[in-house]
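K.L.:
Here it is, the structure, as structure tokens.
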Amino acid sequence: MKIKILKNGPYIVTGGVPLYEKIIVPVGDHYVLQDGRALPQKEKYILCRCGETSIPPFCDGIHLKNGFDGSETASRKTYDERAEILKGPDLDLMDDGRCAMARFCHRDRGDAWELTERSYNPLNKSEAIIGAIECPAGRLIAIEKNGYRHEIKNKPCIEIVQDPEKGVSAAIFVRGGIPIESEDGQIYETRDSVALCRCGKSRNIPFCDASHLISMFDDGNVPKN
């Protein structure tokens with residue numbers, strides 16, 4: 001399985017990666033993903049990166065006409081090199097700042113940062129860990145004081161995400177440590193979860209920086225509340 005980024009073009013996905021549409025849904029003060037439309041499953045498929053395709057989430061070649069600049073601007077440093085550490089009383093939180101504004105770090109008792117700062121309470125600590133684990137952008141890692149990292153391994157898949165609460169189409173969530181190859185042939189650090197841009201507006205290409213919220217990106221499939 002692999003995702004190849006074409007220069008100023010789409011994502012080429014090979015290896016029969018399962019493809020789903022998911023919908024961000026609020027439940028109390030936290031969020032879950034629910035199933036969306038069924039998408040065709042193929043051994044190889046091509047996903048739009050410029051945000052202007054007529055057949056979302058797939059590429060229709062419009063990038064060849066609209067002057068899309070998909071130059072990759074994201075750091076090639078590792079997660080550990082990029083991340084800062086918030087130290088709490090009974091838990092630490094690593095944060096590399098790559099935010100897709102998916103809001104899974106928000107829990108019923110507070111967000112992952114607030115909960116880490118109040119991790120002397122076992123319930124807060126538990127919720128902070130869940131908030132970090134469920135971040136689809138891979139931004140956060142909760143770390144015990146003995147150095148143990150709370151990380152899980154997802155099954156490989158790609159999720160095309162809709163965010164009706166915000167009225168936008170959101171990022172592409174990549175799960176399960178699928179390698180991502182840059183246009184120059186280098187492989188980005190492989191992580192279990194990352195969020196890729198599909199609106200074409202990110203300033204941290206190829207990763208989502210929540211620019212879909214500023215541009216109100218809508219691929220035409222945002223569920224209406």
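How things are named: the first chain in the structure tokens is A, the next is B, and so on; residues count from 1 in each chain; ligands count from 1 in the order shown.
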Can you pull out the residues contacting segment 156-162 of chain A? Cut-off 7 Å, using only C-alpha atoms, and skip same-chain residues under 6 positions away; I want them as an MDAnalysis selection string.
P.N.:
chainID A and resid 17:24 168:178 222
K.L.:
Those residues you just picked out, can you put them in a file as a short mmCIF file (atom, residue, chain, number, x, y, z; two decimals), in the first residue's frame with C-alpha atoms?
P.N.:
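Output (out17.cif):
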```
data_model
loop_
_atom_site.label_atom_id
_atom_site.label_comp_id
_atom_site.auth_asym_id
_atom_site.auth_seq_id
_atom_site.Cartn_x
_atom_site.Cartn_y
_atom_site.Cartn_z
CA VAL A 17 -6.37 0.52 0.32
CA PRO A 18 -9.97 0.51 1.66
CA LEU A 19 -11.72 3.82 0.93
CA TYR A 20 -14.56 5.20 3.03
CA GLU A 21 -16.52 8.39 3.48
CA LYS A 22 -16.86 9.43 7.11
CA ILE A 23 -18.89 12.15 8.80
CA ILE A 24 -17.79 14.08 11.91
CA VAL A 168 -17.50 21.97 5.04
CA SER A 169 -15.76 19.02 3.48
CA ALA A 170 -12.76 18.17 5.64
CA ALA A 171 -9.43 16.41 5.13
CA ILE A 172 -8.42 12.97 3.94
CA PHE A 173 -7.67 10.86 7.02
CA VAL A 174 -4.98 8.25 6.34
CA ARG A 175 -4.90 5.40 8.85
CA GLY A 176 -2.70 2.43 9.51
CA GLY A 177 0.77 3.70 8.66
CA ILE A 178 0.38 3.87 4.87
CA VAL A 222 -21.66 17.71 2.90
#
```
K.L.:
Quick one: pick out all strand (DSSP E) residues within segment 86-151 of chain A from a backbone DSSP run and write them as a VMD selection string.
P.N.:
chain A and resid 86 to 87 92 to 95 106 to 107 110 to 111 140 to 143 149 to 150
K.L.:
What's around Ile130 of chain A at 10 Å? Count only C-alpha atoms, leave out sequence neighbours fewer than 5 positions away in its own chain, and write the answer as a count of residues only.
P.N.:
12
K.L.:
In Å to one decimal, how far is atom CA of Cys197 of chain A from atom CA of Cys50 of chain A?
P.N.:
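Separation of atom CA of Cys50 of chain A and atom CA of Cys197 of chain A: 8.7 Å.
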K.L.:
Work out how far atom CA of Asp192 of chain A is from atom CA of Phe58 of chain A, in Å to one decimal.
P.N.:
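Between atom CA of Phe58 of chain A and atom CA of Asp192 of chain A the gap works out to 23.2 Å.
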K.L.:
I'd like the contact shell of Met101 of chain A - 9 Å cut-off, only C-alpha atoms, skipping same-chain residues fewer than 3 positions apart - returned as a JSON list (two decimals) with C-alpha atoms, in the first residue's frame.
P.N.:
```json
[["chain", "number", "residue", "atom", "x", "y", "z"],
["A", 104, "PHE", "CA", -11.41, 14.71, 18.41],
["A", 137, "ALA", "CA", -3.96, 14.17, 12.18],
["A", 170, "ALA", "CA", -12.76, 18.17, 5.64],
["A", 208, "CYS", "CA", -4.18, 19.55, 6.20],
["A", 209, "ASP", "CA", -3.92, 22.79, 8.18],
["A", 210, "ALA", "CA", -7.70, 23.37, 8.42],
["A", 213, "LEU", "CA", -12.67, 25.93, 7.15]]
```
K.L.:
Write out as a PyMOL selection string which residues come within 9 Å of Gly138 of chain A when counting only C-alpha atoms, dropping same-chain ones fewer than 6 positions away.
P.N.:
chain A and resi 95-96+98-99+132+191-195
K.L.:
Mind writing the picked residues with N, CA and C atoms as an mmCIF file, in the first residue's frame?
P.N.:
```cif
data_model
loop_
_atom_site.group_PDB
_atom_site.id
_atom_site.type_symbol
_atom_site.label_atom_id
_atom_site.label_comp_id
_atom_site.auth_asym_id
_atom_site.auth_seq_id
_atom_site.Cartn_x
_atom_site.Cartn_y
_atom_site.Cartn_z
ATOM 1 N N ASP A 95 3.043 17.410 21.115
ATOM 2 C CA ASP A 95 2.183 18.148 20.189
ATOM 3 C C ASP A 95 3.051 18.710 19.070
ATOM 4 N N ASP A 96 2.812 18.234 17.826
ATOM 5 C CA ASP A 96 3.614 18.734 16.712
ATOM 6 C C ASP A 96 2.921 19.865 15.945
ATOM 7 N N ARG A 98 0.336 19.994 13.987
ATOM 8 C CA ARG A 98 -0.360 19.737 12.720
ATOM 9 C C ARG A 98 -1.842 19.496 12.991
ATOM 10 N N CYS A 99 -2.626 20.545 12.840
ATOM 11 C CA CYS A 99 -4.030 20.499 13.239
ATOM 12 C C CYS A 99 -4.950 20.544 12.029
ATOM 13 N N ALA A 132 -5.889 12.291 22.758
ATOM 14 C CA ALA A 132 -4.653 12.222 21.975
ATOM 15 C C ALA A 132 -4.697 11.084 20.972
ATOM 16 N N ARG A 191 3.568 7.414 9.836
ATOM 17 C CA ARG A 191 2.875 7.468 11.125
ATOM 18 C C ARG A 191 1.520 6.795 10.981
ATOM 19 N N ASP A 192 0.954 6.374 12.093
ATOM 20 C CA ASP A 192 -0.296 5.620 12.024
ATOM 21 C C ASP A 192 -1.430 6.462 11.461
ATOM 22 N N SER A 193 -1.490 7.732 11.846
ATOM 23 C CA SER A 193 -2.579 8.594 11.400
ATOM 24 C C SER A 193 -2.028 9.937 10.933
ATOM 25 N N VAL A 194 -2.453 10.368 9.763
ATOM 26 C CA VAL A 194 -2.162 11.713 9.268
ATOM 27 C C VAL A 194 -3.393 12.223 8.538
ATOM 28 N N ALA A 195 -3.459 13.538 8.370
ATOM 29 C CA ALA A 195 -4.560 14.159 7.626
ATOM 30 C C ALA A 195 -3.975 14.904 6.434
#
```
K.L.:
Work out how far atom CA of Arg109 of chain A is from atom CA of Asp35 of chain A, in Å to one decimal.
P.N.:
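These atoms are spaced 25.7 Å apart.
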K.L.:
Can you list, as a PyMOL selection string, every protein, DNA or RNA residue that comes within 9 Å of Leu86 of chain A when you count only C-alpha atoms, leaving out same-chain residues fewer than 5 positions away?
P.N.:
chain A and resi 91-95+113+116-117
